[in-house]
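Engineer: Contents of data26.cif (mmCIF, C-alpha atoms) are given next:
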```cif
data_work
loop_
_atom_site.label_atom_id
_atom_site.label_comp_id
_atom_site.auth_asym_id
_atom_site.auth_seq_id
_atom_site.Cartn_x
_atom_site.Cartn_y
_atom_site.Cartn_z
CA MET A 28 -117.30 72.03 106.22
CA ASN A 29 -116.42 70.57 109.59
CA SER A 30 -112.98 70.08 111.06
CA ARG A 31 -112.66 66.39 110.29
CA GLU A 32 -113.53 66.95 106.64
CA ARG A 33 -111.10 69.86 106.47
CA VAL A 34 -108.20 67.79 107.82
CA LEU A 35 -108.99 64.78 105.63
CA LEU A 36 -108.90 66.96 102.52
CA ALA A 37 -105.60 68.54 103.58
CA ILE A 38 -103.84 65.24 104.32
CA ASN A 39 -105.04 63.92 100.95
CA HIS A 40 -103.49 66.93 99.18
CA GLN A 41 -106.72 68.78 98.46
CA GLU A 42 -107.78 72.31 99.33
CA ALA A 43 -110.62 72.83 101.79
CA ASP A 44 -112.16 76.17 102.80
CA ARG A 45 -108.99 76.98 104.76
CA ALA A 46 -105.83 75.28 105.95
CA PRO A 47 -106.60 73.16 109.05
CA ILE A 48 -105.16 74.24 112.39
CA ASP A 49 -103.68 72.16 115.20
CA VAL A 50 -103.84 73.76 118.66
CA GLY A 51 -102.16 71.34 121.06
CA ALA A 52 -103.42 68.07 119.59
CA THR A 53 -99.97 66.50 119.97
CA ARG A 54 -97.25 66.64 122.60
CA GLN A 55 -95.12 68.44 120.01
CA SER A 56 -97.63 71.19 119.16
CA GLY A 57 -98.71 72.13 122.66
CA ILE A 58 -98.48 75.21 124.86
CA ALA A 59 -96.38 75.57 127.99
CA ALA A 60 -98.68 75.75 131.01
CA SER A 61 -97.29 79.11 132.17
CA VAL A 62 -97.98 80.70 128.76
CA TYR A 63 -101.39 79.08 128.53
CA HIS A 64 -102.35 80.43 131.96
CA LEU A 65 -101.49 83.99 130.89
CA LEU A 66 -103.21 83.47 127.53
CA LYS A 67 -106.44 82.46 129.25
CA ARG A 68 -106.33 85.49 131.52
CA ARG A 69 -105.71 87.69 128.47
CA LEU A 70 -108.82 86.20 126.84
CA GLY A 71 -110.97 86.43 129.97
CA LEU A 72 -111.00 82.73 130.93
CA SER A 73 -110.47 82.03 134.64
CA THR A 74 -110.58 78.22 134.83
CA PRO A 75 -107.72 76.28 136.47
CA THR A 76 -104.81 75.40 134.19
CA ARG A 77 -104.16 71.66 134.10
CA VAL A 78 -100.75 70.20 133.23
CA TYR A 79 -101.51 67.01 131.31
CA ASP A 80 -97.86 66.37 130.33
CA VAL A 81 -95.69 66.79 133.43
CA TYR A 82 -92.53 65.94 131.45
CA GLN A 83 -92.77 69.04 129.22
CA MET A 84 -95.20 70.96 131.48
CA LEU A 85 -97.81 71.26 128.72
CA ALA A 86 -101.29 72.56 129.37
CA GLU A 87 -104.53 70.77 128.64
CA ILE A 88 -106.18 72.99 126.01
CA GLU A 89 -109.81 73.78 126.83
CA GLN A 90 -112.76 74.01 124.48
CA PRO A 91 -113.12 77.83 124.50
CA ILE A 92 -109.49 78.20 123.40
CA LEU A 93 -109.83 75.49 120.75
CA GLU A 94 -112.87 77.28 119.34
CA ARG A 95 -111.24 80.72 119.55
CA PHE A 96 -108.30 79.60 117.41
CA GLY A 97 -110.14 77.30 114.99
CA ALA A 98 -108.62 74.01 116.15
CA ASP A 99 -109.42 71.11 113.82
CA CYS A 100 -107.71 68.19 115.62
CA VAL A 101 -107.93 66.44 118.95
CA GLY A 102 -105.29 64.21 120.51
CA LEU A 103 -105.90 60.76 121.97
CA ASN A 104 -103.53 60.15 124.88
CA ARG A 105 -102.75 57.23 127.17
CA PRO A 106 -104.10 57.30 130.75
CA SER A 107 -100.50 57.94 131.87
CA VAL A 108 -98.95 60.54 129.57
CA ALA A 109 -95.54 60.91 131.22
CA PHE A 110 -93.37 58.97 133.69
CA GLY A 111 -96.16 56.43 134.30
CA ILE A 112 -98.18 59.03 136.25
CA ARG A 113 -101.91 58.70 135.63
CA ASN A 114 -103.81 61.84 134.71
CA GLU A 115 -106.30 61.72 137.55
CA GLY A 116 -106.79 62.97 141.11
CA TRP A 117 -105.85 66.51 140.12
CA LYS A 118 -104.35 68.70 142.83
CA PRO A 119 -103.09 72.32 143.09
CA TRP A 120 -99.40 72.96 142.43
CA THR A 121 -97.21 75.92 141.55
CA LEU A 122 -94.71 76.09 138.70
CA GLN A 123 -91.25 77.44 139.49
CA ASP A 124 -92.15 80.78 137.91
CA GLY A 125 -95.13 81.13 140.28
CA THR A 126 -97.89 80.02 137.89
CA PRO A 127 -100.76 78.26 139.73
CA VAL A 128 -101.73 74.99 138.02
CA GLU A 129 -103.30 71.62 138.66
CA VAL A 130 -101.21 68.43 138.28
CA PRO A 131 -102.01 64.71 138.53
CA GLY A 132 -102.23 63.39 142.08
CA GLY A 133 -99.31 61.01 141.55
CA PHE A 134 -96.93 63.81 140.54
CA ASP A 135 -94.68 64.35 143.55
CA PRO A 136 -91.22 65.75 142.77
CA ARG A 137 -88.78 66.50 145.57
CA THR A 138 -86.45 69.46 145.85
CA ASP A 139 -82.76 68.57 146.20
CA HIS A 140 -80.05 70.59 147.97
CA LEU A 141 -79.44 72.69 144.83
CA GLY A 142 -83.09 73.60 144.39
CA ASN A 143 -83.68 71.20 141.47
CA LEU A 144 -86.93 69.27 141.25
CA VAL A 145 -86.32 65.52 141.06
CA LEU A 146 -88.74 62.69 140.24
CA TYR A 147 -88.10 59.21 141.63
CA ASP A 148 -89.46 55.81 140.63
CA ALA A 149 -90.95 53.26 143.02
CA ARG A 150 -87.47 51.90 143.83
CA GLY A 151 -86.22 55.35 144.81
CA ALA A 152 -84.07 55.89 141.71
CA ALA A 153 -84.03 59.39 140.21
CA ILE A 154 -85.64 59.29 136.76
CA ALA A 155 -85.97 62.98 135.85
CA LYS A 156 -84.79 66.40 136.96
CA MET A 157 -86.00 69.95 136.38
CA PRO A 158 -83.18 72.42 137.07
CA LYS A 159 -83.86 75.21 139.54
CA GLY A 160 -85.70 77.92 137.65
CA GLY A 161 -86.32 75.54 134.74
CA PHE A 162 -89.46 74.87 132.74
CA TYR A 163 -89.47 71.10 132.04
CA PHE A 164 -87.75 67.89 133.05
CA ASP A 165 -84.69 66.14 131.64
CA ARG A 166 -84.72 62.33 131.73
CA LEU A 167 -82.04 60.66 133.84
CA GLU A 168 -82.95 56.99 133.36
CA LYS A 169 -80.96 54.96 130.82
CA PHE A 170 -83.02 53.56 127.95
CA PRO A 171 -82.17 50.17 126.37
CA GLY A 172 -79.62 51.39 123.82
CA ALA A 173 -77.65 53.51 126.26
CA ALA A 174 -77.89 50.78 128.90
CA HIS A 175 -76.78 48.16 126.34
CA ALA A 176 -79.67 45.98 127.44
CA ASP A 177 -79.83 42.37 126.31
CA PRO A 178 -82.56 42.31 123.61
CA ALA A 179 -83.66 38.78 124.55
CA GLY A 180 -84.26 39.72 128.17
CA LEU A 181 -85.77 43.12 127.55
CA LYS A 182 -89.16 43.72 129.17
CA ILE A 183 -90.94 45.72 126.47
CA PRO A 184 -94.15 47.57 127.40
CA LEU A 185 -97.24 46.24 125.60
CA LEU A 186 -100.67 47.87 125.62
CA SER A 187 -102.72 46.49 128.48
CA ALA A 188 -106.41 45.59 128.28
CA GLU A 189 -107.12 48.66 130.43
CA GLU A 190 -105.26 50.93 128.01
CA CYS A 191 -107.08 49.43 125.05
CA ASP A 192 -110.42 49.97 126.80
CA HIS A 193 -109.36 53.57 127.43
CA PHE A 194 -108.48 54.12 123.76
CA HIS A 195 -111.77 52.56 122.69
CA ALA A 196 -113.84 54.77 125.00
CA GLN A 197 -111.92 57.98 124.29
CA SER A 198 -111.89 57.48 120.52
CA GLU A 199 -115.62 56.76 120.56
CA ALA A 200 -116.26 59.91 122.60
CA ALA A 201 -114.11 62.07 120.30
CA TRP A 202 -115.79 60.58 117.23
CA GLN A 203 -119.34 61.05 118.51
CA ASN A 204 -119.02 64.30 120.47
CA THR A 205 -116.66 66.35 118.29
CA ASP A 206 -116.19 67.00 114.60
CA LYS A 207 -112.40 66.99 114.99
CA ALA A 208 -109.84 64.80 113.28
CA ILE A 209 -108.27 62.41 115.80
CA ILE A 210 -104.52 61.91 116.11
CA THR A 211 -102.73 59.39 118.32
CA ALA A 212 -99.07 58.69 119.04
CA MET A 213 -98.41 54.95 118.71
CA GLY A 214 -94.80 54.48 117.69
CA PRO A 215 -92.31 51.82 118.78
CA PRO A 216 -91.90 51.46 122.56
CA TYR A 217 -88.72 53.57 122.17
CA GLU A 218 -87.72 55.85 119.31
CA LEU A 219 -85.43 53.65 117.25
CA PHE A 220 -82.70 56.26 116.80
CA PHE A 221 -82.79 59.14 119.25
CA GLY A 222 -84.97 57.70 122.00
CA LEU A 223 -82.94 54.56 122.59
CA GLY A 224 -79.97 56.66 123.66
CA THR A 225 -81.69 58.56 126.47
CA GLY A 226 -79.40 58.63 129.46
CA ASP A 227 -76.15 58.31 127.51
CA PHE A 228 -76.57 59.38 123.89
CA SER A 229 -72.85 59.38 123.04
CA SER A 230 -72.58 55.73 124.09
CA TRP A 231 -75.56 54.83 121.93
CA MET A 232 -74.03 56.61 118.93
CA MET A 233 -70.87 54.51 119.32
CA THR A 234 -72.98 51.37 119.56
CA LEU A 235 -74.74 52.29 116.30
CA ALA A 236 -71.42 52.76 114.56
CA CYS A 237 -69.62 49.71 115.95
CA GLU A 238 -72.18 47.02 116.79
CA PRO A 239 -74.70 46.71 113.95
CA ASP A 240 -75.63 43.12 114.83
CA TYR A 241 -76.57 44.12 118.36
CA VAL A 242 -78.54 47.12 117.06
CA LYS A 243 -80.47 44.96 114.59
CA SER A 244 -81.35 42.39 117.26
CA LEU A 245 -82.60 45.20 119.52
CA TYR A 246 -84.64 46.71 116.69
CA GLU A 247 -86.19 43.32 115.86
CA ARG A 248 -87.48 42.96 119.42
CA LEU A 249 -88.82 46.51 119.50
CA VAL A 250 -90.60 46.27 116.17
CA ASP A 251 -92.17 42.93 117.12
CA ALA A 252 -93.62 44.69 120.17
CA TRP A 253 -94.67 47.69 118.08
CA LEU A 254 -96.60 45.48 115.67
CA GLU A 255 -98.41 43.80 118.56
CA ASN A 256 -99.29 47.20 120.03
CA LEU A 257 -100.51 48.39 116.64
CA ARG A 258 -102.78 45.32 116.36
CA ARG A 259 -104.21 45.90 119.85
CA PHE A 260 -104.65 49.62 119.28
CA THR A 261 -106.32 49.21 115.89
CA GLU A 262 -108.73 46.64 117.29
CA ALA A 263 -109.63 49.10 120.07
CA VAL A 264 -110.21 52.23 117.95
CA GLY A 265 -111.45 50.80 114.65
CA ASP A 266 -111.59 53.45 111.92
CA ARG A 267 -112.15 56.37 114.28
CA VAL A 268 -108.53 57.61 114.29
CA GLN A 269 -107.35 59.37 111.13
CA ILE A 270 -103.68 60.01 111.95
CA LEU A 271 -101.08 57.81 113.61
CA GLN A 272 -98.05 59.61 115.00
CA PHE A 273 -94.55 58.36 115.75
CA ASN A 274 -91.51 60.38 116.79
CA ASP A 275 -87.78 60.38 116.24
CA ASP A 276 -85.20 63.14 115.89
CA LEU A 277 -82.64 62.74 113.11
CA GLY A 278 -81.41 66.32 112.83
CA THR A 279 -79.56 69.00 114.75
CA GLN A 280 -79.97 72.68 113.98
CA ASN A 281 -77.28 72.60 111.28
CA GLY A 282 -77.21 69.04 109.98
CA PRO A 283 -78.13 65.40 110.55
CA PHE A 284 -77.10 63.29 113.54
CA LEU A 285 -76.19 60.37 111.29
CA SER A 286 -75.56 59.74 107.61
CA VAL A 287 -78.38 58.93 105.22
CA LYS A 288 -76.56 55.66 104.44
CA MET A 289 -76.50 54.60 108.09
CA PHE A 290 -80.17 55.53 108.43
CA ARG A 291 -81.15 53.53 105.34
CA ASP A 292 -79.00 50.53 106.24
CA LEU A 293 -79.69 50.31 109.94
CA VAL A 294 -82.85 52.21 111.00
CA MET A 295 -85.14 52.61 108.01
CA PRO A 296 -85.92 48.90 107.37
CA TYR A 297 -87.36 48.52 110.88
CA TYR A 298 -89.53 51.62 110.74
CA LYS A 299 -90.69 50.55 107.27
CA ARG A 300 -91.81 47.20 108.62
CA GLY A 301 -94.15 48.93 111.07
CA LEU A 302 -95.40 51.57 108.63
CA ASP A 303 -96.07 48.94 105.96
CA TRP A 304 -98.36 47.21 108.47
CA VAL A 305 -100.19 50.48 109.18
CA HIS A 306 -100.79 51.18 105.49
CA ALA A 307 -101.83 47.59 104.75
CA ASN A 308 -104.22 47.21 107.69
CA THR A 309 -105.66 50.66 108.46
CA ARG A 310 -106.86 53.85 106.82
CA MET A 311 -104.63 56.01 109.02
CA LYS A 312 -102.11 58.44 107.60
CA VAL A 313 -98.66 58.24 109.18
CA PHE A 314 -97.37 61.38 110.89
CA MET A 315 -93.67 61.61 111.82
CA HIS A 316 -92.37 64.19 114.26
CA ASN A 317 -88.74 64.76 113.32
CA ASP A 318 -86.81 67.87 114.38
CA GLY A 319 -83.98 69.79 112.83
CA ALA A 320 -82.10 69.88 109.53
CA ILE A 321 -83.48 66.71 107.93
CA LEU A 322 -83.73 67.72 104.26
CA ASP A 323 -81.43 64.90 103.12
CA PHE A 324 -83.60 62.28 104.86
CA ILE A 325 -86.93 63.32 103.33
CA PRO A 326 -86.81 61.08 100.21
CA SER A 327 -86.06 58.11 102.46
CA LEU A 328 -88.86 59.05 104.88
CA ILE A 329 -91.35 59.13 102.00
CA GLU A 330 -90.09 55.75 100.77
CA MET A 331 -90.34 54.44 104.33
CA GLY A 332 -94.05 55.27 104.47
CA VAL A 333 -94.27 58.70 106.12
CA ASP A 334 -97.29 60.69 104.87
CA ILE A 335 -97.02 63.75 107.15
CA LEU A 336 -93.90 65.55 108.39
CA ASN A 337 -93.78 67.64 111.56
CA PRO A 338 -92.66 70.17 112.84
CA VAL A 339 -91.05 71.57 109.65
CA GLN A 340 -88.36 73.47 111.54
CA THR A 341 -87.89 76.27 109.02
CA SER A 342 -84.99 77.87 110.92
CA ALA A 343 -82.83 74.74 110.58
CA LYS A 344 -80.28 74.47 107.78
CA GLY A 345 -81.82 73.59 104.42
CA MET A 346 -85.42 73.61 105.68
CA ASP A 347 -86.62 76.45 103.47
CA PRO A 348 -90.44 76.22 103.15
CA LYS A 349 -90.54 77.01 99.41
CA LYS A 350 -87.85 74.46 98.63
CA LEU A 351 -89.65 71.82 100.68
CA LYS A 352 -93.01 72.50 99.04
CA ASP A 353 -91.57 72.55 95.52
CA GLN A 354 -89.61 69.32 95.98
CA PHE A 355 -91.90 67.24 98.15
CA GLY A 356 -95.31 68.94 98.35
CA LYS A 357 -97.06 66.40 96.12
CA ARG A 358 -95.87 63.42 98.17
CA LEU A 359 -95.66 64.77 101.72
CA VAL A 360 -98.00 66.74 103.97
CA PHE A 361 -96.33 69.47 106.03
CA TRP A 362 -97.70 69.88 109.56
CA GLY A 363 -96.24 72.94 111.30
CA GLY A 364 -93.81 75.31 109.60
CA SER A 365 -95.66 78.33 110.98
CA CYS A 366 -93.26 80.66 112.78
CA ASP A 367 -89.73 80.23 114.11
CA CYS A 368 -90.02 79.08 117.74
CA GLN A 369 -86.42 80.21 118.29
CA GLY A 370 -86.95 83.60 116.66
CA ALA A 371 -90.06 85.67 116.00
CA LEU A 372 -92.47 83.68 118.15
CA ALA A 373 -90.24 83.85 121.22
CA PHE A 374 -88.56 87.23 120.76
CA GLY A 375 -90.47 89.20 118.12
CA THR A 376 -93.56 91.37 118.21
CA PRO A 377 -97.08 90.25 117.24
CA ASP A 378 -96.54 92.00 113.90
CA ASP A 379 -93.32 89.98 113.37
CA VAL A 380 -95.21 86.77 114.11
CA ALA A 381 -98.08 87.67 111.78
CA GLU A 382 -95.74 88.55 108.92
CA GLU A 383 -93.83 85.27 109.17
CA VAL A 384 -97.03 83.23 109.43
CA ARG A 385 -98.47 84.87 106.30
CA ARG A 386 -95.27 84.23 104.37
CA HIS A 387 -95.07 80.55 105.31
CA VAL A 388 -98.79 79.83 104.86
CA GLU A 389 -98.68 81.43 101.41
CA VAL A 390 -95.89 79.02 100.42
CA LEU A 391 -97.03 75.82 102.13
CA SER A 392 -100.83 75.81 101.79
CA PRO A 393 -101.53 75.88 97.99
CA GLY A 394 -102.96 72.58 96.74
CA GLY A 395 -103.59 71.30 100.26
CA GLY A 396 -101.03 69.09 101.93
CA TYR A 397 -100.62 71.53 104.81
CA VAL A 398 -101.82 71.70 108.43
CA PHE A 399 -100.92 74.79 110.43
CA ALA A 400 -99.30 74.24 113.84
CA SER A 401 -96.66 75.80 116.03
CA VAL A 402 -93.10 74.69 115.25
CA HIS A 403 -92.84 72.36 118.24
CA ASN A 404 -94.39 73.34 121.57
CA ILE A 405 -94.94 77.00 122.38
CA GLN A 406 -92.30 77.51 125.04
CA ALA A 407 -92.46 79.23 128.41
CA GLN A 408 -92.09 83.02 128.35
CA VAL A 409 -93.67 83.48 124.90
CA SER A 410 -96.10 86.38 125.20
CA PRO A 411 -99.86 85.73 125.02
CA GLU A 412 -100.06 88.43 122.35
CA ASN A 413 -97.69 86.46 120.12
CA VAL A 414 -99.75 83.29 120.58
CA ILE A 415 -102.90 85.19 119.60
CA ALA A 416 -101.14 86.62 116.55
CA LEU A 417 -99.94 83.13 115.56
CA PHE A 418 -103.37 81.54 115.39
CA GLU A 419 -105.46 84.55 114.38
CA THR A 420 -103.20 85.14 111.40
CA ALA A 421 -103.48 81.45 110.47
CA LEU A 422 -107.26 81.72 110.40
CA GLU A 423 -107.08 84.73 108.14
CA ALA A 424 -104.14 83.80 105.88
CA GLY A 425 -105.10 80.14 105.50
CA LYS A 426 -108.35 80.78 103.60
CA TYR A 427 -108.51 79.31 100.12
CA GLY A 428 -110.05 81.15 97.20
#
```
As structure tokens, what does this structure read like?
Structural biologist:
Amino acid sequence: MNSRERVLLAINHQEADRAPIDVGATRQSGIAASVYHLLKRRLGLSTPTRVYDVYQMLAEIEQPILERFGADCVGLNRPSVAFGIRNEGWKPWTLQDGTPVEVPGGFDPRTDHLGNLVLYDARGAAIAKMPKGGFYFDRLEKFPGAAHADPAGLKIPLLSAEECDHFHAQSEAAWQNTDKAIITAMGPPYELFFGLGTGDFSSWMMTLACEPDYVKSLYERLVDAWLENLRRFTEAVGDRVQILQFNDDLGTQNGPFLSVKMFRDLVMPYYKRGLDWVHANTRMKVFMHNDGAILDFIPSLIEMGVDILNPVQTSAKGMDPKKLKDQFGKRLVFWGGSCDCQGALAFGTPDDVAEEVRRHVEVLSPGGGYVFASVHNIQAQVSPENVIALFETALEAGKYG
């Protein structure tokens, strides 16, 4: 059984030979470049470490590591993954913790008087900052909701012919040259709830509560653009992509950001419009990345058209793996749910990691409907030994029969 077959069985709620494994196929299941560099040295690989996502400082995962950990998926990314910086013209750079890496040629942060790294746009405006001693950037630019942008005058990014050609070529290469399942992020131009508030989230929350007509007019414009991007993307990749990802964050560690009623009244109809199009016009399964304590939203997400839920943050309130599997396992695929990224993976021993992985895989994998992945990105300062324990235990514990 090859990887693509294994993933297709899992996302159609059938058991394969083992539970599929995702090693960095998404920007929410990746590995911090500093950890990846140490991991490669631990495994005897001396190639340069490339940072393909300069926002989160995520490493490009190389073939020997994918093979070592049984990776079954490959991600399809835009030419410019973060901040409009194209992933080309690679050059040497050093992370703030001293890790030597390669970054795209257009990545050129400046150090301010406090020692923070700051990225600027072409007009000279600061758009992101990495605090001194930090590990990734925080966005500074105001997105449409926080900026209270006029929906009618909003310049919404649409896929260019060049980007479509890129997706066509890369999907063809992944289809012909690998046996992996292919996953691509192609959500609305901005996350309809959390992403629209970047730059001033509290202001956006007040807008949601007080100006529903404005919010709906903004959503209409964004979903119109999303549908056009979906048409262009689907024409470019054909049937070669199995999983379509979109992202939004509805939960905190201990509860939701907004009520289920507000979500259903204000946000859900617009996401459903896009997901209905995906299900009616493609064979792709819909994957939603959604952090935190989101138990109360899950019935609505299923109704909305979500097939796959990630990252299954088991340490958040109410997100018990057994409860989730018992209640929703026949209607929803769980992608993640492996080991607490805020607990054992970051601060435990390899034995702690292995024990938690076995426990969660035992609960989530029966009957299919499960893909193993880290619970969000593997953060800086996680030990290479814990990363090895995470994936090696998955290979062993995820076997069926």
Engineer: Which residues match the PyMOL selection byres ((chain A and resi 321) around 9) in the file above, as a short mmCIF file (atom, residue, chain, number, x, y, z; two decimals) with C-alpha atoms, in the frame of the given file?
Structural biologist:
```cif
data_model
loop_
_atom_site.label_atom_id
_atom_site.label_comp_id
_atom_site.auth_asym_id
_atom_site.auth_seq_id
_atom_site.Cartn_x
_atom_site.Cartn_y
_atom_site.Cartn_z
CA ASP A 276 -85.20 63.14 115.89
CA LEU A 277 -82.64 62.74 113.11
CA GLY A 278 -81.41 66.32 112.83
CA THR A 279 -79.56 69.00 114.75
CA GLY A 282 -77.21 69.04 109.98
CA PRO A 283 -78.13 65.40 110.55
CA ASN A 317 -88.74 64.76 113.32
CA ASP A 318 -86.81 67.87 114.38
CA GLY A 319 -83.98 69.79 112.83
CA ALA A 320 -82.10 69.88 109.53
CA LEU A 322 -83.73 67.72 104.26
CA ASP A 323 -81.43 64.90 103.12
CA PHE A 324 -83.60 62.28 104.86
CA ILE A 325 -86.93 63.32 103.33
CA ALA A 343 -82.83 74.74 110.58
CA LYS A 344 -80.28 74.47 107.78
CA GLY A 345 -81.82 73.59 104.42
CA MET A 346 -85.42 73.61 105.68
#
```
Engineer: Using all atoms listed in the file, which protein or nucleic acid residues come within 9 Å of Pro338 of chain A? Drop anything in the same chain fewer than 3 positions from it, and give the result as a PyMOL selection string.
Structural biologist: chain A and resi 55-56+315-319+341+361-365+400-403
Engineer: In Å, with one decimal, what is the gap from atom CA of Pro215 of chain A to atom CA of Leu146 of chain A?
Structural biologist: 24.3 Å
Engineer: Which of these, A:Glu247, A:Asp192, A:Asp378, A:Glu419, has the shortest distance to Val50 of chain A once you count all atoms listed in the file?
Structural biologist: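 Smallest separation from Val50 of chain A among the options: A:Glu419.
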Engineer: One number please: atom CA of Ser61 of chain A to atom CA of Asn404 of chain A, in Å, one decimal.
Structural biologist: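 Going from atom CA of Ser61 of chain A over to atom CA of Asn404 of chain A covers 12.4 Å.
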Engineer: Please provide as a PDB file with C-alpha atoms, in the frame of the given file all residues within 8 Å of Lys426 of chain A, with the sequence filter that same-chain residues fewer than 4 positions apart are discarded (counting only C-alpha atoms).
Structural biologist:
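Saved to around-v6.pdb:
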```
ATOM      1  CA  ASP A  44    -112.160  76.170 102.800  1.00  0.00           C
ATOM      2  CA  ARG A  45    -108.990  76.980 104.760  1.00  0.00           C
ATOM      3  CA  ALA A  46    -105.830  75.280 105.950  1.00  0.00           C
ATOM      4  CA  LEU A 422    -107.260  81.720 110.400  1.00  0.00           C
TER       5      LEU A 422
END
```
Engineer: I need the output of the PyMOL selection byres ((chain A and resi 271) around 6) for this file as a list in words; which residues are they?
Structural biologist: Ile210, Thr211, Ala212, Ile270, Gln272, Val313 and Phe314 of chain A
Engineer: So how many Å separate atom CA of Ala200 of chain A and atom CA of Glu262 of chain A, to one decimal?
Structural biologist: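 About the pair atom CA of Ala200 of chain A and atom CA of Glu262 of chain A: they are 16.2 Å apart.
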